[in-house]
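Trainee: Just one file: coords.cif, with mmCIF, C-alpha atoms.
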data_work
#
loop_
_atom_site.group_PDB
_atom_site.id
_atom_site.type_symbol
_atom_site.label_atom_id
_atom_site.label_comp_id
_atom_site.auth_asym_id
_atom_site.auth_seq_id
_atom_site.Cartn_x
_atom_site.Cartn_y
_atom_site.Cartn_z
ATOM 1 C CA MET O 14 21.359 -8.113 37.722
ATOM 2 C CA ILE O 15 18.592 -8.190 35.094
ATOM 3 C CA LEU O 16 17.648 -4.574 35.829
ATOM 4 C CA GLY O 17 21.268 -3.507 35.418
ATOM 5 C CA THR O 18 21.506 -5.258 32.050
ATOM 6 C CA VAL O 19 18.273 -3.623 30.879
ATOM 7 C CA LEU O 20 19.551 -0.173 31.877
ATOM 8 C CA VAL O 21 22.862 -0.732 30.074
ATOM 9 C CA LEU O 22 21.060 -1.866 26.924
ATOM 10 C CA ALA O 23 18.709 1.124 27.098
ATOM 11 C CA ALA O 24 21.667 3.486 27.459
ATOM 12 C CA LEU O 25 23.439 1.887 24.498
ATOM 13 C CA SER O 26 20.280 2.118 22.402
ATOM 14 C CA LEU O 27 19.925 5.811 23.245
ATOM 15 C CA PHE O 28 23.600 6.429 22.434
ATOM 16 C CA PHE O 29 23.382 4.810 18.997
ATOM 17 C CA ARG O 30 20.088 6.546 18.203
ATOM 18 C CA ASN O 31 21.599 9.928 19.095
ATOM 19 C CA ARG O 32 24.644 9.125 16.989
ATOM 20 C CA GLN O 33 22.456 8.281 13.992
ATOM 21 C CA GLU O 34 20.480 11.511 14.420
ATOM 22 C CA ASP O 35 23.771 13.429 14.674
ATOM 23 C CA GLU O 36 24.971 11.918 11.399
ATOM 24 C CA ARG O 37 21.695 12.732 9.661
ATOM 25 C CA ALA O 38 21.885 16.297 10.972
ATOM 26 C CA GLY O 39 25.383 16.602 9.515
ATOM 27 C CA GLU O 40 24.164 15.324 6.157
ATOM 28 C CA SER O 41 21.333 17.876 6.193
ATOM 29 C CA VAL O 42 23.790 20.695 6.830
ATOM 30 C CA GLU O 43 26.032 19.529 3.987
ATOM 31 C CA HIS O 44 23.044 19.529 1.642
ATOM 32 C CA LEU O 45 21.361 22.773 2.713
ATOM 33 C CA LEU O 46 24.243 25.153 3.432
ATOM 34 C CA PRO O 47 25.445 25.358 -0.208
ATOM 35 C CA LEU O 48 21.874 26.096 -1.317
ATOM 36 C CA VAL O 49 21.553 28.981 1.155
ATOM 37 C CA LYS O 50 24.953 30.353 0.082
ATOM 38 C CA GLU O 51 24.063 29.941 -3.594
ATOM 39 C CA TYR O 52 21.034 32.162 -3.101
ATOM 40 C CA ILE O 53 23.025 34.814 -1.198
ATOM 41 C CA GLU O 54 25.856 34.874 -3.743
ATOM 42 C CA GLY O 55 23.675 34.089 -6.762
ATOM 43 C CA SER O 56 22.750 35.976 -9.856
ATOM 44 C CA ALA O 57 19.533 37.895 -10.329
ATOM 45 C CA GLU O 58 18.170 34.875 -12.218
ATOM 46 C CA VAL O 59 18.805 32.560 -9.252
ATOM 47 C CA LYS O 60 17.070 34.960 -6.884
ATOM 48 C CA GLU O 61 14.171 35.524 -9.255
ATOM 49 C CA ALA O 62 13.535 31.781 -9.534
ATOM 50 C CA ALA O 63 13.672 31.135 -5.786
ATOM 51 C CA ALA O 64 10.605 30.813 -3.561
ATOM 52 C CA VAL O 65 11.180 33.855 -1.353
ATOM 53 C CA ARG O 66 9.062 35.657 1.223
ATOM 54 C CA PRO O 67 8.063 38.329 1.782
ATOM 55 C CA ALA O 68 7.471 38.764 -1.956
ATOM 56 C CA ARG O 69 7.361 42.538 -1.535
ATOM 57 C CA PRO O 70 8.710 45.037 1.015
ATOM 58 C CA ASP O 71 7.138 44.639 4.435
ATOM 59 C CA SER O 72 6.293 47.522 6.764
ATOM 60 C CA ASP O 73 7.620 45.577 9.770
ATOM 61 C CA PRO O 74 11.338 46.461 10.132
ATOM 62 C CA SER O 75 12.065 43.174 11.897
ATOM 63 C CA VAL O 76 10.999 41.024 8.921
ATOM 64 C CA MET O 77 13.841 39.015 7.394
ATOM 65 C CA THR O 78 13.953 37.609 3.870
ATOM 66 C CA GLU O 79 13.184 33.875 3.788
ATOM 67 C CA ILE O 80 13.860 31.247 1.113
ATOM 68 C CA GLU O 81 12.138 27.890 0.743
ATOM 69 C CA LEU O 82 14.364 24.813 0.507
ATOM 70 C CA ASP O 83 13.045 21.248 0.697
ATOM 71 C CA GLY O 84 9.726 22.428 2.107
ATOM 72 C CA ASN O 85 11.140 24.634 4.898
ATOM 73 C CA TYR O 86 12.011 28.330 4.994
ATOM 74 C CA TYR O 87 15.499 29.606 5.918
ATOM 75 C CA ILE O 88 16.739 33.057 6.946
ATOM 76 C CA GLY O 89 20.505 32.694 6.420
ATOM 77 C CA TYR O 90 23.430 30.898 7.997
ATOM 78 C CA LEU O 91 25.429 30.987 11.194
ATOM 79 C CA SER O 92 29.247 30.797 11.322
ATOM 80 C CA ILE O 93 31.045 29.696 14.495
ATOM 81 C CA PRO O 94 34.810 29.627 13.751
ATOM 82 C CA ALA O 95 35.762 28.295 17.200
ATOM 83 C CA LEU O 96 33.790 25.112 16.421
ATOM 84 C CA GLY O 97 34.565 25.032 12.705
ATOM 85 C CA LEU O 98 30.862 25.213 11.916
ATOM 86 C CA GLU O 99 28.652 26.904 9.348
ATOM 87 C CA LEU O 100 24.959 26.130 9.786
ATOM 88 C CA PRO O 101 21.831 27.056 7.818
ATOM 89 C CA VAL O 102 19.130 28.546 10.053
ATOM 90 C CA MET O 103 15.427 27.871 9.591
ATOM 91 C CA ALA O 104 12.886 30.670 9.862
ATOM 92 C CA GLN O 105 10.622 28.819 12.307
ATOM 93 C CA TRP O 106 11.195 26.180 14.925
ATOM 94 C CA ASP O 107 9.574 22.974 16.036
ATOM 95 C CA TYR O 108 11.037 19.683 17.251
ATOM 96 C CA GLU O 109 11.021 18.060 13.818
ATOM 97 C CA ARG O 110 12.767 21.018 12.182
ATOM 98 C CA LEU O 111 15.417 21.000 14.921
ATOM 99 C CA ARG O 112 16.439 17.523 13.736
ATOM 100 C CA ILE O 113 17.403 19.079 10.400
ATOM 101 C CA ALA O 114 19.025 22.435 11.238
ATOM 102 C CA PRO O 115 19.186 25.174 13.858
ATOM 103 C CA CYS O 116 15.995 27.261 13.983
ATOM 104 C CA ARG O 117 15.028 30.813 14.825
ATOM 105 C CA TYR O 118 13.273 30.649 18.187
ATOM 106 C CA THR O 119 12.320 34.335 18.348
ATOM 107 C CA GLY O 120 13.530 37.735 17.201
ATOM 108 C CA SER O 121 15.433 39.142 14.255
ATOM 109 C CA VAL O 122 18.934 40.362 13.415
ATOM 110 C CA LYS O 123 17.316 43.639 12.398
ATOM 111 C CA THR O 124 16.014 44.313 15.897
ATOM 112 C CA ASP O 125 19.065 42.892 17.730
ATOM 113 C CA ASP O 126 17.138 40.199 19.589
ATOM 114 C CA LEU O 127 17.640 37.040 17.514
ATOM 115 C CA VAL O 128 17.421 33.760 19.458
ATOM 116 C CA ILE O 129 18.522 30.543 17.700
ATOM 117 C CA ALA O 130 17.869 27.041 19.030
ATOM 118 C CA ALA O 131 19.533 23.783 17.975
ATOM 119 C CA HIS O 132 19.958 20.227 19.187
ATOM 120 C CA ASN O 133 23.141 19.290 21.037
ATOM 121 C CA TYR O 134 24.382 17.253 18.069
ATOM 122 C CA SER O 135 28.109 17.654 17.471
ATOM 123 C CA ARG O 136 27.282 19.101 14.033
ATOM 124 C CA HIS O 137 24.821 21.597 15.544
ATOM 125 C CA PHE O 138 25.229 23.245 18.997
ATOM 126 C CA GLY O 139 26.846 20.379 20.913
ATOM 127 C CA GLY O 140 30.063 22.360 21.373
ATOM 128 C CA ILE O 141 28.725 25.701 22.603
ATOM 129 C CA SER O 142 28.936 24.592 26.224
ATOM 130 C CA GLN O 143 32.734 24.875 25.844
ATOM 131 C CA PHE O 144 32.568 28.636 25.305
ATOM 132 C CA SER O 145 34.034 30.846 28.002
ATOM 133 C CA GLY O 146 33.567 34.269 26.403
ATOM 134 C CA GLY O 147 35.243 36.203 23.615
ATOM 135 C CA GLU O 148 34.451 33.741 20.813
ATOM 136 C CA ASP O 149 33.344 35.247 17.500
ATOM 137 C CA VAL O 150 29.991 34.349 15.953
ATOM 138 C CA TYR O 151 28.635 35.555 12.605
ATOM 139 C CA PHE O 152 25.197 35.518 11.046
ATOM 140 C CA THR O 153 24.730 36.146 7.307
ATOM 141 C CA ASP O 154 21.203 36.886 6.175
ATOM 142 C CA LEU O 155 19.716 36.273 2.733
ATOM 143 C CA ASP O 156 20.352 39.881 1.737
ATOM 144 C CA GLY O 157 24.088 39.235 2.096
ATOM 145 C CA MET O 158 24.497 41.201 5.312
ATOM 146 C CA ARG O 159 26.938 39.646 7.772
ATOM 147 C CA TYR O 160 26.297 40.476 11.432
ATOM 148 C CA CYS O 161 29.318 40.155 13.717
ATOM 149 C CA TYR O 162 28.987 39.111 17.365
ATOM 150 C CA GLN O 163 31.119 38.117 20.317
ATOM 151 C CA VAL O 164 30.201 35.744 23.139
ATOM 152 C CA VAL O 165 29.841 37.677 26.408
ATOM 153 C CA LYS O 166 28.111 35.175 28.699
ATOM 154 C CA VAL O 167 27.375 31.461 29.006
ATOM 155 C CA GLU O 168 24.648 30.378 31.403
ATOM 156 C CA THR O 169 22.440 27.413 32.177
ATOM 157 C CA LEU O 170 18.684 27.976 32.270
ATOM 158 C CA GLU O 171 15.774 25.773 33.228
ATOM 159 C CA PRO O 172 13.561 24.585 30.341
ATOM 160 C CA THR O 173 10.690 26.645 31.781
ATOM 161 C CA ALA O 174 12.686 29.912 31.666
ATOM 162 C CA VAL O 175 11.016 31.087 28.458
ATOM 163 C CA GLU O 176 11.032 34.797 29.285
ATOM 164 C CA GLU O 177 14.698 34.741 30.301
ATOM 165 C CA MET O 178 15.596 32.934 27.074
ATOM 166 C CA SER O 179 13.934 35.472 24.810
ATOM 167 C CA ALA O 180 14.783 38.602 26.802
ATOM 168 C CA GLY O 181 15.872 41.387 24.458
ATOM 169 C CA LYS O 182 18.937 42.343 26.475
ATOM 170 C CA TYR O 183 21.337 40.501 24.157
ATOM 171 C CA ASP O 184 21.802 40.989 20.414
ATOM 172 C CA LEU O 185 22.076 37.241 19.735
ATOM 173 C CA THR O 186 21.356 34.175 21.873
ATOM 174 C CA LEU O 187 22.202 30.559 21.001
ATOM 175 C CA PHE O 188 20.835 27.714 23.083
ATOM 176 C CA THR O 189 20.655 23.945 23.210
ATOM 177 C CA CYS O 190 19.529 21.315 25.686
ATOM 178 C CA THR O 191 22.045 19.612 27.945
ATOM 179 C CA TYR O 192 22.327 15.841 27.584
ATOM 180 C CA GLY O 193 19.184 14.387 29.093
ATOM 181 C CA GLY O 194 17.278 17.630 28.491
ATOM 182 C CA ALA O 195 17.290 18.766 32.132
ATOM 183 C CA SER O 196 18.415 22.318 31.309
ATOM 184 C CA ARG O 197 19.534 24.588 28.494
ATOM 185 C CA VAL O 198 23.044 25.800 27.729
ATOM 186 C CA THR O 199 22.568 29.436 26.731
ATOM 187 C CA VAL O 200 25.202 31.545 24.968
ATOM 188 C CA ARG O 201 24.679 35.302 24.961
ATOM 189 C CA CYS O 202 26.334 37.460 22.308
ATOM 190 C CA GLU O 203 26.683 41.168 21.633
ATOM 191 C CA ARG O 204 27.483 42.965 18.406
ATOM 192 C CA SER O 205 31.213 43.413 17.876
ATOM 193 C CA GLY O 206 33.122 46.020 15.869
ATOM 194 C CA SER O 207 31.030 47.760 13.255
ATOM 195 C CA GLY O 208 28.500 44.959 13.595
ATOM 196 C CA VAL O 209 27.324 44.604 9.997
ATOM 197 C CA ASN O 210 29.257 44.037 6.786
ATOM 198 C CA LYS O 211 27.998 43.500 3.251
ATOM 199 C CA ASP O 212 29.371 40.448 1.404
ATOM 200 C CA ALA O 213 32.318 40.085 3.800
ATOM 201 C CA ASN O 214 34.254 36.902 4.486
ATOM 202 C CA ASP O 215 34.316 35.353 7.948
ATOM 203 C CA ASN O 216 38.113 35.375 8.064
#
Written as structure tokens, that's how I'd like the structure from this file.

Mentor:
Amino acid sequence: MILGTVLVLAALSLFFRNRQEDERAGESVEHLLPLVKEYIEGSAEVKEAAAVRPARPDSDPSVMTEIELDGNYYIGYLSIPALGLELPVMAQWDYERLRIAPCRYTGSVKTDDLVIAAHNYSRHFGGISQFSGGEDVYFTDLDGMRYCYQVVKVETLEPTAVEEMSAGKYDLTLFTCTYGGASRVTVRCERSGSGVNKDANDN
């Protein structure tokens, strides 16, 4: 009886903690997304004043422009119409950054091997497990280029499947942990249509 009560209380505590983190993640998105868009759509003065890297052209063709916001660097934003989401994407990942926004895990849009990780918050990647294929996904980088993708596969991978996660077979991969963290929901996407548009709307 006592053990059962303890387990119920622990489950409730975990539920409310996750809900609080979800709400904070949503607040972070609401704060950061307009700043990323402002840079992309901004005047020359806005771009000149921003903390951007690389500061000069880089010889590596995979390098993406990054902008510093609130102490972290971002590479653009992700649009997922089926979930009604637009999400800023950080340039680097770690567990603390994932609490704020989705993060680049590996790769680049320029080399068609971008992998983006996010928590399973409802305001992050919590809904991608519902995908069945055919959903549209867009990524807009800081140079104003919108990359168009379509979901082609949804799979579940073990947390140790690092090589499978970052395999370059797919143009874009989105992944998040399942509840409890036992495995990873992995959404594979391929370029759709012409693939890249400059300053296009997501409609």

Trainee: Using only C-alpha atoms, which of O:Val164, O:Val59, O:Cys202, O:Leu96 sits nearest Glu148 (chain O)?

Mentor: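 Of all the options, O:Val164 lies closest to Glu148 (chain O).
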
Trainee: Spell out the residues picked by the PyMOL selection byres ((chain O and resi 154) around 9) here, as a PyMOL selection string.

Mentor: chain O and resi 53+77-79+88-91+122+152-153+155-160

Trainee: Expand the PyMOL selection byres ((chain O and resi 138) around 12) into the individual residues it matches in the shown file, reporting them as an MDAnalysis selection string.

Mentor: chainID O and resid 35 38:39 91:93 95:100 111:112 114:116 129:137 139:144 186:192 197:200

Trainee: Identify which of the residues O:Leu82, O:Val49, O:Ala57, O:Val165 lies closest to Lys182 (chain O), counting only C-alpha atoms when measuring atom-to-atom distances.

Mentor: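 Of O:Leu82, O:Val49, O:Ala57, O:Val165, the one nearest Lys182 (chain O), counting only C-alpha atoms, is O:Val165.
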
Trainee: So the first atom is CA of Gln105 (chain O) and the second is CA of Gly146 (chain O); what is the distance between them in Å, to one decimal place?

Mentor: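 Interatomic distance here is 27.5 Å.
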
Trainee: Restricting the calculation to all atoms listed in the file, which member of O:Arg204, O:Ile113, O:Gln163, O:Thr169 is positioned closest to Arg37 (chain O)?

Mentor: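 Closest to Arg37 (chain O), using all atoms listed in the file: O:Ile113.
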
Trainee: Go ahead and compute the interatomic distance for CA of Leu46 (chain O) and CA of Arg201 (chain O), in Å to one decimal.

Mentor: 23.8 Å

Trainee: Just the number, please: distance in Å from CA of Val102 (chain O) to CA of Ser179 (chain O), one decimal.

Mentor: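 Interatomic distance, CA of Val102 (chain O) to CA of Ser179 (chain O): 17.1 Å.
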
Trainee: Neighbouring residues of Asp126 (chain O) were defined as those with any atom within 7 Å, considering all atoms listed in the file; residues of the same chain fewer than 2 positions away were excluded. Please report them as a list of chain:residue names.

Mentor: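 These residues fall inside the cut-off: O:Gly120, O:Ser121, O:Val122, O:Thr124, O:Val128, O:Gly181, O:Tyr183, O:Asp184, O:Leu185.
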
Trainee: Using C-alpha atoms, can you write the selected residues to a file as a compact mmCIF listing (two decimals), in the frame of the given file?

Mentor:
# COMPACT_ATOMS: atom_id res chain seq x y z
CA GLY O 120 13.53 37.74 17.20
CA SER O 121 15.43 39.14 14.26
CA VAL O 122 18.93 40.36 13.42
CA THR O 124 16.01 44.31 15.90
CA VAL O 128 17.42 33.76 19.46
CA GLY O 181 15.87 41.39 24.46
CA TYR O 183 21.34 40.50 24.16
CA ASP O 184 21.80 40.99 20.41
CA LEU O 185 22.08 37.24 19.74

Trainee: Check what the PyMOL selection byres ((chain O and resi 63) around 10) selects in the file above and give those residues as a PyMOL selection string.

Mentor: chain O and resi 52+58-62+64-66+79-82

Trainee: Got a minute to add N, CA, C and O atoms to region 131-154 of chain O and dump it as a compact mmCIF listing (two decimals), keeping the file's coordinate frame?

Mentor:
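Result went into selection_11.txt, see below:
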# COMPACT_ATOMS: atom_id res chain seq x y z
N ALA O 131 19.07 24.95 18.73
CA ALA O 131 19.53 23.78 17.98
C ALA O 131 19.70 22.62 18.94
O ALA O 131 19.85 22.80 20.15
N HIS O 132 19.69 21.41 18.37
CA HIS O 132 19.96 20.23 19.19
C HIS O 132 21.43 20.21 19.59
O HIS O 132 22.27 20.91 19.01
N ASN O 133 21.75 19.37 20.58
CA ASN O 133 23.14 19.29 21.04
C ASN O 133 23.95 18.28 20.23
O ASN O 133 24.91 17.71 20.72
N TYR O 134 23.57 18.06 18.97
CA TYR O 134 24.38 17.25 18.07
C TYR O 134 25.75 17.91 17.91
O TYR O 134 25.87 19.13 17.95
N SER O 135 26.77 17.10 17.66
CA SER O 135 28.11 17.65 17.47
C SER O 135 28.17 18.56 16.24
O SER O 135 28.95 19.51 16.20
N ARG O 136 27.30 18.29 15.25
CA ARG O 136 27.28 19.10 14.03
C ARG O 136 26.33 20.30 14.15
O ARG O 136 26.19 21.05 13.20
N HIS O 137 25.66 20.43 15.29
CA HIS O 137 24.82 21.60 15.54
C HIS O 137 25.42 22.38 16.72
O HIS O 137 26.49 22.94 16.58
N PHE O 138 24.76 22.41 17.88
CA PHE O 138 25.23 23.24 19.00
C PHE O 138 25.87 22.44 20.13
O PHE O 138 26.00 22.94 21.24
N GLY O 139 26.27 21.21 19.86
CA GLY O 139 26.85 20.38 20.91
C GLY O 139 28.08 20.96 21.56
O GLY O 139 28.38 20.66 22.72
N GLY O 140 28.81 21.81 20.84
CA GLY O 140 30.06 22.36 21.37
C GLY O 140 29.96 23.71 22.05
O GLY O 140 30.95 24.20 22.62
N ILE O 141 28.79 24.33 22.06
CA ILE O 141 28.72 25.70 22.60
C ILE O 141 28.90 25.74 24.11
O ILE O 141 29.22 26.80 24.67
N SER O 142 28.73 24.61 24.77
CA SER O 142 28.94 24.59 26.22
C SER O 142 30.40 24.81 26.58
O SER O 142 30.73 25.12 27.72
N GLN O 143 31.30 24.68 25.62
CA GLN O 143 32.73 24.88 25.84
C GLN O 143 33.12 26.35 25.85
O GLN O 143 34.23 26.70 26.24
N PHE O 144 32.23 27.22 25.40
CA PHE O 144 32.57 28.64 25.30
C PHE O 144 32.80 29.24 26.69
O PHE O 144 32.13 28.88 27.65
N SER O 145 33.74 30.16 26.75
CA SER O 145 34.03 30.85 28.00
C SER O 145 33.90 32.36 27.87
O SER O 145 34.02 33.09 28.85
N GLY O 146 33.68 32.83 26.65
CA GLY O 146 33.57 34.27 26.40
C GLY O 146 34.66 34.74 25.45
O GLY O 146 35.78 34.25 25.50
N GLY O 147 34.29 35.66 24.57
CA GLY O 147 35.24 36.20 23.62
C GLY O 147 35.22 35.54 22.25
O GLY O 147 35.85 36.05 21.31
N GLU O 148 34.51 34.42 22.10
CA GLU O 148 34.45 33.74 20.81
C GLU O 148 33.64 34.57 19.81
O GLU O 148 32.68 35.23 20.17
N ASP O 149 34.05 34.53 18.56
CA ASP O 149 33.34 35.25 17.50
C ASP O 149 32.24 34.38 16.92
O ASP O 149 32.41 33.16 16.75
N VAL O 150 31.12 35.02 16.60
CA VAL O 150 29.99 34.35 15.95
C VAL O 150 29.48 35.30 14.86
O VAL O 150 29.44 36.51 15.07
N TYR O 151 29.13 34.74 13.71
CA TYR O 151 28.64 35.56 12.60
C TYR O 151 27.30 35.01 12.11
O TYR O 151 27.08 33.80 12.09
N PHE O 152 26.43 35.92 11.70
CA PHE O 152 25.20 35.52 11.05
C PHE O 152 25.09 36.28 9.73
O PHE O 152 25.18 37.50 9.71
N THR O 153 24.89 35.54 8.63
CA THR O 153 24.73 36.15 7.31
C THR O 153 23.30 35.93 6.85
O THR O 153 22.84 34.79 6.75
N ASP O 154 22.60 37.04 6.59
CA ASP O 154 21.20 36.89 6.18
C ASP O 154 21.11 36.74 4.66
O ASP O 154 22.12 36.80 3.94
